[in-house]
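The structure appears below as structure tokens.
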Amino acid sequence: MAASAPDHPAERPAHWAGSEPARILAPDGTAVGDTAVGLEPEDLRALLRWMVLARRLDQECIALQRQGQLTVYPGFEGQEAAQVGSATALGATDFVWPTFRELAAALVRSVDPVQYLQYHRGTWHGGPYDPRATRFGPICIPIATQIVHAAGYALGQQLDGTDAASIAYFGDGATSEGDFHEAANLAGVWRLPMVLFCQNNGWAISVPTAKQTAGEIWRRAEGYGFPGVRVDGNDVLAVYAATREALDRARRGEGATLIEAMTYRIGAHSTADDAGRYRADPEVEAARAFDPIARFRTWLLAAGHADEEYVAACEREAEAFALEVREGVIATAAPPAEWQFDWVYAAPPATFERMRGEALA
Amino acid sequence: MAASAPDHPAERPAHWAGSEPARILAPDGTAVGDTAVGLEPEDLRALLRWMVLARRLDQECIALQRQGQLTVYPGFEGQEAAQVGSATALGATDFVWPTFRELAAALVRSVDPVQYLQYHRGTWHGGPYDPRATRFGPICIPIATQIVHAAGYALGQQLDGTDAASIAYFGDGATSEGDFHEAANLAGVWRLPMVLFCQNNGWAISVPTAKQTAGEIWRRAEGYGFPGVRVDGNDVLAVYAATREALDRARRGEGATLIEAMTYRIGAHSTADDAGRYRADPEVEAARAFDPIARFRTWLLAAGHADEEYVAACEREAEAFALEVREGVIATAAPPAEWQFDWVYAAPPATFERMRGEALA
Amino acid sequence: MTTWTLSGALNRALHDSLTADDRVLVFGEDVGVSGGVFRVTDGLQTAFGDRRVFDTPISEAGIVGTAVGLCFAGWRPVVELQFDAFSYPALEQVIDHVAKMHMRTRGRVGMPITIRIPSFGGIKGKEHHGESPETYYAHTAGLKVVVPSSALDGYTLLRHAIADPDPVIVLEPKARYWAKEDGELADGAGIGAGRILRDGTDVTLVSYGSMVARAREAADALAEKGVEARVVDLRCLSPLDDELLQRCAEETGRIVVIHEAPRHVGVGAEVAARVMELAFDSLAAPVQRVTGWDAPYPPASLEDGYLPSVERIVAAAQRTVAY
Amino acid sequence: MTTWTLSGALNRALHDSLTADDRVLVFGEDVGVSGGVFRVTDGLQTAFGDRRVFDTPISEAGIVGTAVGLCFAGWRPVVELQFDAFSYPALEQVIDHVAKMHMRTRGRVGMPITIRIPSFGGIKGKEHHGESPETYYAHTAGLKVVVPSSALDGYTLLRHAIADPDPVIVLEPKARYWAKEDGELADGAGIGAGRILRDGTDVTLVSYGSMVARAREAADALAEKGVEARVVDLRCLSPLDDELLQRCAEETGRIVVIHEAPRHVGVGAEVAARVMELAFDSLAAPVQRVTGWDAPYPPASLEDGYLPSVERIVAAAQRTVAY
Ligand SMILES: Cc1ncc(C[n+]2csc(CCOP(=O)(O)OP(=O)(O)O)c2C)c(N)n1
Ligand SMILES: Cc1ncc(C[n+]2csc(CCOP(=O)(O)OP(=O)(O)O)c2C)c(N)n1
Ligand SMILES: [Mg+2]
Ligand SMILES: [Mg+2]
């Protein structure tokens, strides 16, 4: 994919070294590529709105965790553009296969955040929302395993002759797992309509990307027989364009694409993690210079697609939204005891029913 | 790696399509590359001798299986150059991690074939010979799992500061497994002294390479951050040179190399397999035109490194050798019943010893 | 009346399931063009096309994970993992996803997956080709696990497994693939029901898979010694047929459970524990376990010493009777 | 006298093992720079350098397979798999290679590997962070499996595990990492020996890991009801301490076995089956199993209903006594 000129390389997060990521907006918000990505002004404004709502919700979730309303919570500050840009590019029938960090993408796919947060409240597991209705797969913690599910779903679409695609989200660390590889190889050999979307945020808990792999992740694609692209994951327009292009390829029957979105995990791995043990603050501060929201807001205003009032309105909406979600989360009660047994089997055996009786007696 | 001119492409096995493999000798035995690979005439003659002995032994093993002296046996006809060339390049302290098809490599590493064949006689498992003394790992059937062991051994050498390397043999089909990927990624990120040696023989039982992966296997290497090379696996000189180069890199601390040796499985997957169910004879006949032994013999004689008498001597030796192994195999008796228990634990628990007593009572 | 082999009956079950439901897919290593290493999928690709019956790369986690994704798209995957030990690379997908997805999605997404695994020993095969993996699967809540012991019941169990809305692991005893049985293929008893193959009042021999045939031989040998042994084929290891086990314990008072797997934390332990829970007062003797040893499956030439022999079964039955 | 947490005692065991034998290596995900998600490897990389204590990519099969290769090179790997469910991707390497290599090489190549796995539930964690994987490991011949229940014994068991010439799976109860115990770290009882933590004559409560603390609570509650319960900590699930189980059955006649794992084909079944085999005539009542349900581990808010409670243990003990 065409590479644009490097910006002040000194400041870039270490893991961005190597090939230049495709970029449309420079970190300072000036356009360095073609901004005509096929989005109307209102769609462009929506990109900002979702990023603002997502970040505010992320902050609220961290607060809720500190207040004991949520269990361990994995924040995504700094990754808003990667998630919002890619999710915005999806068609209505495309299916998302997330990790545990894709709350921003979930919002764009109109997954009810209160339902989603049942997961972190500890009131339900993987799929508290309806994965079929939302076309947003269950939150997936076993690293890289959902990429294989995405391949299977894509195969199902191919067999049914629909034009729906799968998009699998995963991190830099996930690329070390065998499941990443098996999914990618199947995607290649079966020309599956899917996008392998890697958010390379520089860290896998305490392990930096440089200790995770020696290659550039996007380069893995060639070995599987499909294209790989490296994109500036904090440039929402570049992420949208790359994902859109990949989805178009998928719909044309040209198979899979691997996208490596270069971003940065501003927060700790989760609220249970003390990042101070393994990385220095200056690194985080430097990364803030690449903030995806500020970058896009600057351009949006300069391009005249939105005005300060719109930005202010987004922020007001975000406050109200965060409050609404907070109330919904706090109102979410523990499930009834029967739920331990209600869906273990679709056709529960008699032996199982006897144990249910013993348990609920 | 520098590519040489294609030979009559029409006849090439389908899976050789794509990048030209590095080659020193053309299929007709004429030199098309630099034959000065650093081997003395006697070493060159040894390459022929090993290939002739190996092929004859392979035939004998198939006969022994038909006569009920061996259980299922996986032949390697057509892959003699890939195995002999690579094994010859190894240093005395390098460690081999084989699959179930590397009997030719085992001979070169002076593993006692009668001991080796205890495996196929069904008198013992993975390591009937001494893997430490021979530096030839246990025969490994779970596909691709031995590649990870090779990485671990290479890490052990790196930690001890020796200049020994690991070489892992595996097939085209093995590259679809997660373990191939995890091993390759570790080899890259830890710059391990190892060679990942793929014998792409076109088939994984009944599945052709084209249905195994859409990419070229040697291209996988770049994604892991180390070089990959494609070599004509039926050109023993090219295989030797490529392996030698990879081992030198490893010893210089430059890390791993992936070698894709293009060869062809002339026989069925094993004596239990009926290849007629999934591939046509013409394909096999065409592949015979690339016979590794004929090719090298022609050059060896033309180059004056050996004469007809030497060739005849090799064949006489092969006959005697096959007979000797046959007698050894037939003389190999079933192990005593205690062997079921003798090495389950190095420090057997009392509970285990009681069961042994129950069993052998 | 027709004569069936287990391999042939399973092939027919797949054929009939593919015909009955056009959402059924069959895939795995070498199941397509070549028809499977044990011929169980022979001819299916020709009959149903390579869209519904296809070969996969060597990628067990990929095969099972693909099946999970296919279920989200409304398909009904029937996958083959080529041999017992080669099902282990897929265990994470089976335990973390296949077994749990229906619960974690509150029933919104079912996993009607059938995983066929040629299993167990007795064919003098190479290492990793004679393992008994049933404990790993039977202990995993959310799965159902069946083990046919004969051709006709193989057809019945596989049809039920494919039609079942839950994930079912079908462990096919390799050693029985070519064993013949006369009769007509039928719907038959469902998942969860064991069966009595021979009646007897002195002792009950409980087993599954290849060991059922040995239990019957042992029953014959015992009969000559004046001991009337009942032979039970469990058919299903998860769930177990509690009623049947209880009845046998109450009626014969003596139980011998036989399996190839190592004894320690094997299915035999579960049978013993349940029998004790369900019919302690009826037990005249401790439940005897005749099993493989707590050691890796041996090379071919030691196989006979590892597998429960008719002699060991008879001896155990006599011990319980004499107890 | 010092006060230890299990996490701290395990950390010291690793420290002392690294000091005692310079072939010992410690590696896994996040064990180096950060010192492990449960701080068990805290400070080890600083103390021993990143050659002997290092982080790995997220690659469980890679971690365990690497350990196998390192054994061929004469190293003694101690690896951490971050959580119970994340040990499953490595099961193939564990079952096919770690457990069998010593036998298949006729003792020429040993596998002195220690695999540490933070396991079990009780921390209101996310899914896949509360599993009880012991059945998968205990059933696998060739492995040894230990489960510490307290800080001091954690030190003892981990030192023995690392020194053992065979592969040892150490399942560390997360819920006990921060539980304190006073005393001095010592060599102590080895692998294979269980221990009696409280004597009693009416019934024996057999358990391991976090459930041992509950068994003790239950024993206190039972004492108030006039029932004298003996409390046994198995410590080791493979091998099991047969002599101790037999003695307890003979001396108390009544056994209750408690574990978090699902009941079906769990370790409790093995305990019940063995007790019956070893002391049938001494049993006054059927062995009772108090376990997790045969269902996936639940979300945090249902956890208390899943794990064996003091009440359930007490009720089971009373049932056996009243039997
Ligand atoms: C199979 C497996 N191994 C280990 C873990 C523990 N774990 C949870 S998140 C994580 C790091 C993931 O890093 P990355 O893929 O880069 O995603 P990120 O956290 O950066 O979003 C690890 C190791 C897991 N969840 N699954
Ligand atoms: C994990 C695993 N899955 C499946 C098998 C069954 N199997 C044995 S050999 C083989 C084909 C291997 O093909 P390839 O890697 O190309 O090696 P080749 O047989 O051509 O030498 C398969 C699928 C196995 N041994 N291990
Ligand atoms: Mg990351
Ligand atoms: Mg091959």
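In the structure tokens, each chain is lettered A, B, ... as it comes, each chain's residues begin at 1, and ligands are numbered from 1 in order of appearance.
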
Exercise. For chain B, list the residues within 9 Å of chain D, counting only C-alpha atoms, and write the list as a PyMOL selection string.
Key: chain B and resi 124-132+137-138+142+145-157+159+178-179+181-183+185-186+189+339-352

Quiz item: Mind listing as a ChimeraX atom specification which residues of chain B are within 12 Å of chain A, counting only C-alpha atoms?
Solution: /B:18,144-145,148,173-192,208-228,255-256

Exercise. Record the distance separating CA of Arg356 (chain B) and CA of Arg274 (chain D), expressed in Å with one decimal.
Key: 16.5 Å

Practice problem: State, in Å with one decimal place, the distance from CA of Gly194 (chain C) to CA of Met276 (chain C). | Solution: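 According to the coordinates, CA of Gly194 (chain C) and CA of Met276 (chain C) are separated by 18.2 Å.
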
Quiz prompt | Protein and nucleic acid residues within 7 Å of ligand 4 (only C-alpha atoms and all ligand atoms) as number ranges by chain | solution = B: 171-173, 199-204

Requested write-out: C-alpha atoms of the selected residues, as a PDB file, in the first residue's frame:
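File written: result.pdb
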```pdb
ATOM      1  CA  GLY B 171       6.257 -31.370   5.117  1.00  0.00           C
ATOM      2  CA  ASP B 172       4.104 -28.983   3.128  1.00  0.00           C
ATOM      3  CA  GLY B 173       1.063 -30.073   5.093  1.00  0.00           C
ATOM      4  CA  GLN B 199      10.124 -30.920   2.067  1.00  0.00           C
ATOM      5  CA  ASN B 200       7.320 -29.793  -0.187  1.00  0.00           C
ATOM      6  CA  ASN B 201       6.540 -33.096  -1.871  1.00  0.00           C
ATOM      7  CA  GLY B 202       3.236 -31.878  -3.266  1.00  0.00           C
ATOM      8  CA  TRP B 203       0.993 -34.016  -1.106  1.00  0.00           C
ATOM      9  CA  ALA B 204      -0.275 -34.359   2.440  1.00  0.00           C
TER      10      ALA B 204
END
```

Quiz prompt | Nearby residues (only C-alpha atoms) at most 12 Å from Gln65 (chain A), same-chain spacing under 2 positions excluded, as number ranges by chain | solution = A: 58-63, 67-75, 117, 120-122, 270-272, 326, 329-330

Exercise. Find the residues around Leu90 (chain B) up to 8 Å (only C-alpha atoms counted), leave out those fewer than 6 positions away in its own chain, and share them as a list in words.
Key: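 Contacts, in chain order: Thr243, Arg244 and Leu247 of chain B.
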
Quiz prompt | Pairwise distance for CA of Leu39 (chain A) and CA of Arg109 (chain A), rounded to one decimal in Å | solution = 17.2 Å

Exercise. Give me the residues within 8 Å of Val232 (chain C) as a PyMOL selection string, counting only C-alpha atoms and dropping any in the same chain fewer than 2 places off.
Key: chain C and resi 194-198+204-207+212+230+234

Quiz item: Hey, which of C:Thr41, C:Ser132, C:Thr19, C:Thr114 ends up closest to chain D? Count only C-alpha atoms.
Solution: C:Ser132

Per residue of chain D within 9 Å of chain C, record the nearest atom pair and its distance in Å to one decimal, counting only C-alpha atoms, with rows in chain order and ascending residue number, as CSV.
```
residue,atom,partner,partner_atom,distance
D:Ala85,CA,C:Asp96,CA,7.2
D:Phe86,CA,C:Glu92,CA,8.0
D:Ser87,CA,C:Glu92,CA,8.3
D:Tyr88,CA,C:Glu92,CA,4.8
D:Pro89,CA,C:Glu92,CA,5.2
D:Ala90,CA,C:Pro89,CA,7.7
D:Leu91,CA,C:Tyr88,CA,6.4
D:Glu92,CA,C:Tyr88,CA,4.8
D:Gln93,CA,C:Pro89,CA,8.3
D:Ile95,CA,C:Tyr88,CA,8.0
D:Asp96,CA,C:Ala85,CA,7.2
D:Ala99,CA,C:Pro296,CA,8.0
D:Lys100,CA,C:Pro296,CA,6.4
D:Met103,CA,C:Pro296,CA,7.9
D:Arg104,CA,C:Pro296,CA,9.0
D:His128,CA,C:Asp96,CA,7.2
D:Thr135,CA,C:Val265,CA,6.8
D:Tyr136,CA,C:Tyr136,CA,5.7
D:Ala138,CA,C:Val265,CA,6.9
D:His139,CA,C:Val265,CA,5.2
D:Thr140,CA,C:Pro262,CA,8.0
D:Ala141,CA,C:Ala295,CA,4.9
D:Gly142,CA,C:Ala295,CA,6.4
D:Ser238,CA,C:His264,CA,8.2
D:Pro239,CA,C:His264,CA,8.8
D:Pro262,CA,C:His139,CA,7.2
D:Arg263,CA,C:His139,CA,7.9
D:His264,CA,C:His139,CA,5.5
D:Val265,CA,C:Glu270,CA,5.1
D:Gly266,CA,C:Val265,CA,6.6
D:Val267,CA,C:Val265,CA,5.9
D:Gly268,CA,C:Ala273,CA,8.3
D:Ala269,CA,C:Glu270,CA,5.0
D:Glu270,CA,C:Ala269,CA,5.0
D:Val271,CA,C:Ala269,CA,8.2
D:Ala272,CA,C:Ala273,CA,5.5
D:Ala273,CA,C:Ala269,CA,5.3
D:Arg274,CA,C:Ala269,CA,8.1
D:Met276,CA,C:Pro286,CA,5.7
D:Glu277,CA,C:Pro286,CA,5.7
D:Leu278,CA,C:Pro286,CA,8.8
D:Ala279,CA,C:Pro286,CA,8.7
D:Phe280,CA,C:Pro286,CA,5.9
D:Asp281,CA,C:Ala285,CA,8.7
D:Ala285,CA,C:Phe280,CA,7.5
D:Pro286,CA,C:Met276,CA,5.7
D:Val287,CA,C:Glu277,CA,7.1
D:Gln288,CA,C:Glu277,CA,7.3
D:Arg289,CA,C:Ala273,CA,8.8
D:Trp293,CA,C:Ala141,CA,8.6
D:Asp294,CA,C:Ala141,CA,5.3
D:Ala295,CA,C:Ala141,CA,4.9
D:Pro296,CA,C:Ala141,CA,5.9
```

Self-check item: Backbone DSSP call of helix (DSSP H, G or I) for region 36-179 of chain D, listed as a VMD selection string
Solution: chain D and resid 44 to 48 60 to 72 84 to 98 101 to 104 134 to 138 151 to 163 174 to 176

Quiz item: Do you know which residues are at most 9 Å from Gly8 (chain C) counting only C-alpha atoms, after dropping those on the same chain fewer than 2 positions away, and could you put them as a ChimeraX atom specification?
Solution: /C:4-6,10-13,39-40,42,151,155,177-178

Quiz item: Pick from D:Glu251, D:Asp187, D:Asp30, D:Asp233: nearest to His269 (chain A), with only C-alpha atoms counted?
Solution: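 Closest candidate: D:Asp30.
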
Self-check item: Residue list (strand (DSSP E or B), DSSP) for region 34-242 of chain B, as a PyMOL selection string
Solution: chain B and resi 95-97+136+166-171+194-200+203-204+207-208+228-232

For the selection just defined, write its residues with N, CA, C and O atoms to a file, as an mmCIF file, in the first residue's frame.
```cif
data_model
loop_
_atom_site.group_PDB
_atom_site.id
_atom_site.type_symbol
_atom_site.label_atom_id
_atom_site.label_comp_id
_atom_site.auth_asym_id
_atom_site.auth_seq_id
_atom_site.Cartn_x
_atom_site.Cartn_y
_atom_site.Cartn_z
ATOM 1 N N PHE B 95 21.496 -30.771 15.833
ATOM 2 C CA PHE B 95 20.483 -31.738 16.260
ATOM 3 C C PHE B 95 19.335 -31.756 15.257
ATOM 4 O O PHE B 95 18.823 -30.717 14.866
ATOM 5 N N VAL B 96 18.953 -32.972 14.857
ATOM 6 C CA VAL B 96 17.903 -33.157 13.853
ATOM 7 C C VAL B 96 16.554 -33.456 14.518
ATOM 8 O O VAL B 96 16.476 -34.298 15.417
ATOM 9 N N TRP B 97 15.507 -32.774 14.059
ATOM 10 C CA TRP B 97 14.145 -33.022 14.545
ATOM 11 C C TRP B 97 13.316 -33.521 13.378
ATOM 12 O O TRP B 97 12.821 -32.734 12.573
ATOM 13 N N PHE B 136 19.731 -37.160 16.840
ATOM 14 C CA PHE B 136 18.607 -37.333 15.917
ATOM 15 C C PHE B 136 17.375 -37.549 16.781
ATOM 16 O O PHE B 136 17.279 -38.551 17.496
ATOM 17 N N SER B 166 19.757 -26.387 15.434
ATOM 18 C CA SER B 166 18.679 -27.355 15.246
ATOM 19 C C SER B 166 18.250 -27.332 13.788
ATOM 20 O O SER B 166 18.214 -26.256 13.180
ATOM 21 N N ILE B 167 17.893 -28.484 13.251
ATOM 22 C CA ILE B 167 17.213 -28.492 11.962
ATOM 23 C C ILE B 167 15.922 -29.290 12.143
ATOM 24 O O ILE B 167 15.926 -30.403 12.669
ATOM 25 N N ALA B 168 14.816 -28.667 11.793
ATOM 26 C CA ALA B 168 13.523 -29.333 11.889
ATOM 27 C C ALA B 168 13.066 -29.689 10.488
ATOM 28 O O ALA B 168 13.025 -28.833 9.600
ATOM 29 N N TYR B 169 12.763 -30.954 10.278
ATOM 30 C CA TYR B 169 12.195 -31.398 9.007
ATOM 31 C C TYR B 169 10.688 -31.416 9.140
ATOM 32 O O TYR B 169 10.152 -31.771 10.206
ATOM 33 N N PHE B 170 9.998 -31.022 8.107
ATOM 34 C CA PHE B 170 8.539 -31.112 8.105
ATOM 35 C C PHE B 170 8.063 -31.038 6.666
ATOM 36 O O PHE B 170 8.832 -30.707 5.750
ATOM 37 N N GLY B 171 6.794 -31.344 6.467
ATOM 38 C CA GLY B 171 6.257 -31.370 5.117
ATOM 39 C C GLY B 171 5.446 -30.144 4.787
ATOM 40 O O GLY B 171 5.231 -29.264 5.629
ATOM 41 N N MET B 194 18.498 -22.061 14.090
ATOM 42 C CA MET B 194 17.795 -23.240 13.594
ATOM 43 C C MET B 194 17.434 -23.104 12.123
ATOM 44 O O MET B 194 17.382 -22.007 11.570
ATOM 45 N N VAL B 195 17.223 -24.245 11.504
ATOM 46 C CA VAL B 195 16.807 -24.298 10.114
ATOM 47 C C VAL B 195 15.453 -24.981 10.070
ATOM 48 O O VAL B 195 15.292 -26.075 10.614
ATOM 49 N N LEU B 196 14.490 -24.305 9.471
ATOM 50 C CA LEU B 196 13.176 -24.912 9.273
ATOM 51 C C LEU B 196 13.181 -25.480 7.862
ATOM 52 O O LEU B 196 13.172 -24.719 6.886
ATOM 53 N N PHE B 197 13.274 -26.789 7.763
ATOM 54 C CA PHE B 197 13.461 -27.432 6.465
ATOM 55 C C PHE B 197 12.181 -28.125 6.013
ATOM 56 O O PHE B 197 11.813 -29.191 6.526
ATOM 57 N N CYS B 198 11.504 -27.505 5.049
ATOM 58 C CA CYS B 198 10.241 -28.049 4.546
ATOM 59 C C CYS B 198 10.481 -28.862 3.275
ATOM 60 O O CYS B 198 11.030 -28.345 2.298
ATOM 61 N N GLN B 199 10.116 -30.127 3.302
ATOM 62 C CA GLN B 199 10.124 -30.920 2.067
ATOM 63 C C GLN B 199 8.737 -30.817 1.467
ATOM 64 O O GLN B 199 7.808 -31.472 1.921
ATOM 65 N N ASN B 200 8.613 -29.944 0.477
ATOM 66 C CA ASN B 200 7.320 -29.793 -0.187
ATOM 67 C C ASN B 200 7.229 -30.851 -1.276
ATOM 68 O O ASN B 200 7.714 -30.667 -2.391
ATOM 69 N N TRP B 203 2.147 -33.326 -1.661
ATOM 70 C CA TRP B 203 0.993 -34.016 -1.106
ATOM 71 C C TRP B 203 1.056 -34.136 0.408
ATOM 72 O O TRP B 203 2.130 -34.310 0.988
ATOM 73 N N ALA B 204 -0.098 -34.050 1.030
ATOM 74 C CA ALA B 204 -0.275 -34.359 2.440
ATOM 75 C C ALA B 204 -1.346 -35.453 2.427
ATOM 76 O O ALA B 204 -2.529 -35.164 2.296
ATOM 77 N N VAL B 207 -4.161 -34.712 0.057
ATOM 78 C CA VAL B 207 -4.411 -33.286 -0.182
ATOM 79 C C VAL B 207 -3.202 -32.623 -0.853
ATOM 80 O O VAL B 207 -2.106 -32.617 -0.297
ATOM 81 N N PRO B 208 -3.405 -32.083 -2.064
ATOM 82 C CA PRO B 208 -2.297 -31.435 -2.770
ATOM 83 C C PRO B 208 -1.938 -30.093 -2.121
ATOM 84 O O PRO B 208 -2.773 -29.480 -1.449
ATOM 85 N N GLY B 228 13.790 -16.671 3.828
ATOM 86 C CA GLY B 228 13.242 -17.911 3.323
ATOM 87 C C GLY B 228 13.845 -18.155 1.945
ATOM 88 O O GLY B 228 14.116 -17.210 1.215
ATOM 89 N N VAL B 229 14.084 -19.408 1.627
ATOM 90 C CA VAL B 229 14.606 -19.725 0.305
ATOM 91 C C VAL B 229 13.849 -20.908 -0.266
ATOM 92 O O VAL B 229 13.382 -21.781 0.477
ATOM 93 N N ARG B 230 13.706 -20.886 -1.566
ATOM 94 C CA ARG B 230 13.088 -22.013 -2.253
ATOM 95 C C ARG B 230 14.177 -22.671 -3.076
ATOM 96 O O ARG B 230 14.896 -22.008 -3.819
ATOM 97 N N VAL B 231 14.316 -23.965 -2.899
ATOM 98 C CA VAL B 231 15.394 -24.673 -3.570
ATOM 99 C C VAL B 231 14.830 -25.912 -4.264
ATOM 100 O O VAL B 231 13.803 -26.450 -3.848
ATOM 101 N N ASP B 232 15.490 -26.329 -5.334
ATOM 102 C CA ASP B 232 15.090 -27.550 -6.019
ATOM 103 C C ASP B 232 15.467 -28.721 -5.113
ATOM 104 O O ASP B 232 16.644 -29.062 -4.960
#
```

Shell of 7 Å around region 309-320 of chain B, only C-alpha atoms, local chain residues under 6 positions omitted, as a PDB file with N, CA, C and O atoms, in the first residue's frame:
```pdb
ATOM      1  N   ARG B  49      26.318 -42.123  -2.845  1.00  0.00           N
ATOM      2  CA  ARG B  49      26.273 -43.393  -2.107  1.00  0.00           C
ATOM      3  C   ARG B  49      25.102 -43.414  -1.137  1.00  0.00           C
ATOM      4  O   ARG B  49      24.290 -44.347  -1.117  1.00  0.00           O
ATOM      5  N   VAL B  52      21.790 -43.753  -2.910  1.00  0.00           N
ATOM      6  CA  VAL B  52      21.569 -45.105  -3.443  1.00  0.00           C
ATOM      7  C   VAL B  52      21.228 -46.079  -2.298  1.00  0.00           C
ATOM      8  O   VAL B  52      20.278 -46.855  -2.383  1.00  0.00           O
ATOM      9  N   LEU B  53      21.975 -45.983  -1.204  1.00  0.00           N
ATOM     10  CA  LEU B  53      21.694 -46.864  -0.063  1.00  0.00           C
ATOM     11  C   LEU B  53      20.292 -46.597   0.473  1.00  0.00           C
ATOM     12  O   LEU B  53      19.527 -47.525   0.760  1.00  0.00           O
ATOM     13  N   ARG B  56      17.504 -47.943  -1.784  1.00  0.00           N
ATOM     14  CA  ARG B  56      17.428 -49.409  -1.738  1.00  0.00           C
ATOM     15  C   ARG B  56      16.803 -49.868  -0.405  1.00  0.00           C
ATOM     16  O   ARG B  56      15.975 -50.779  -0.370  1.00  0.00           O
TER      17      ARG B  56
END
```

Quiz item: Of the candidates D:Val147, D:Ile113, D:Leu244, D:Ile162, which one gets nearest to Asp21 (chain D) if we count only C-alpha atoms?
Solution: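 Selected residue with least distance to Asp21 (chain D): D:Ile162.
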
Quiz prompt | Selected residue, from C:Val24, C:Leu14, C:Cys248, C:Ile117, that lies nearest to ligand 2 when counting only C-alpha atoms and all ligand atoms | solution =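 Looking only at the distances to ligand 2, the closest residue turns out to be C:Ile117.
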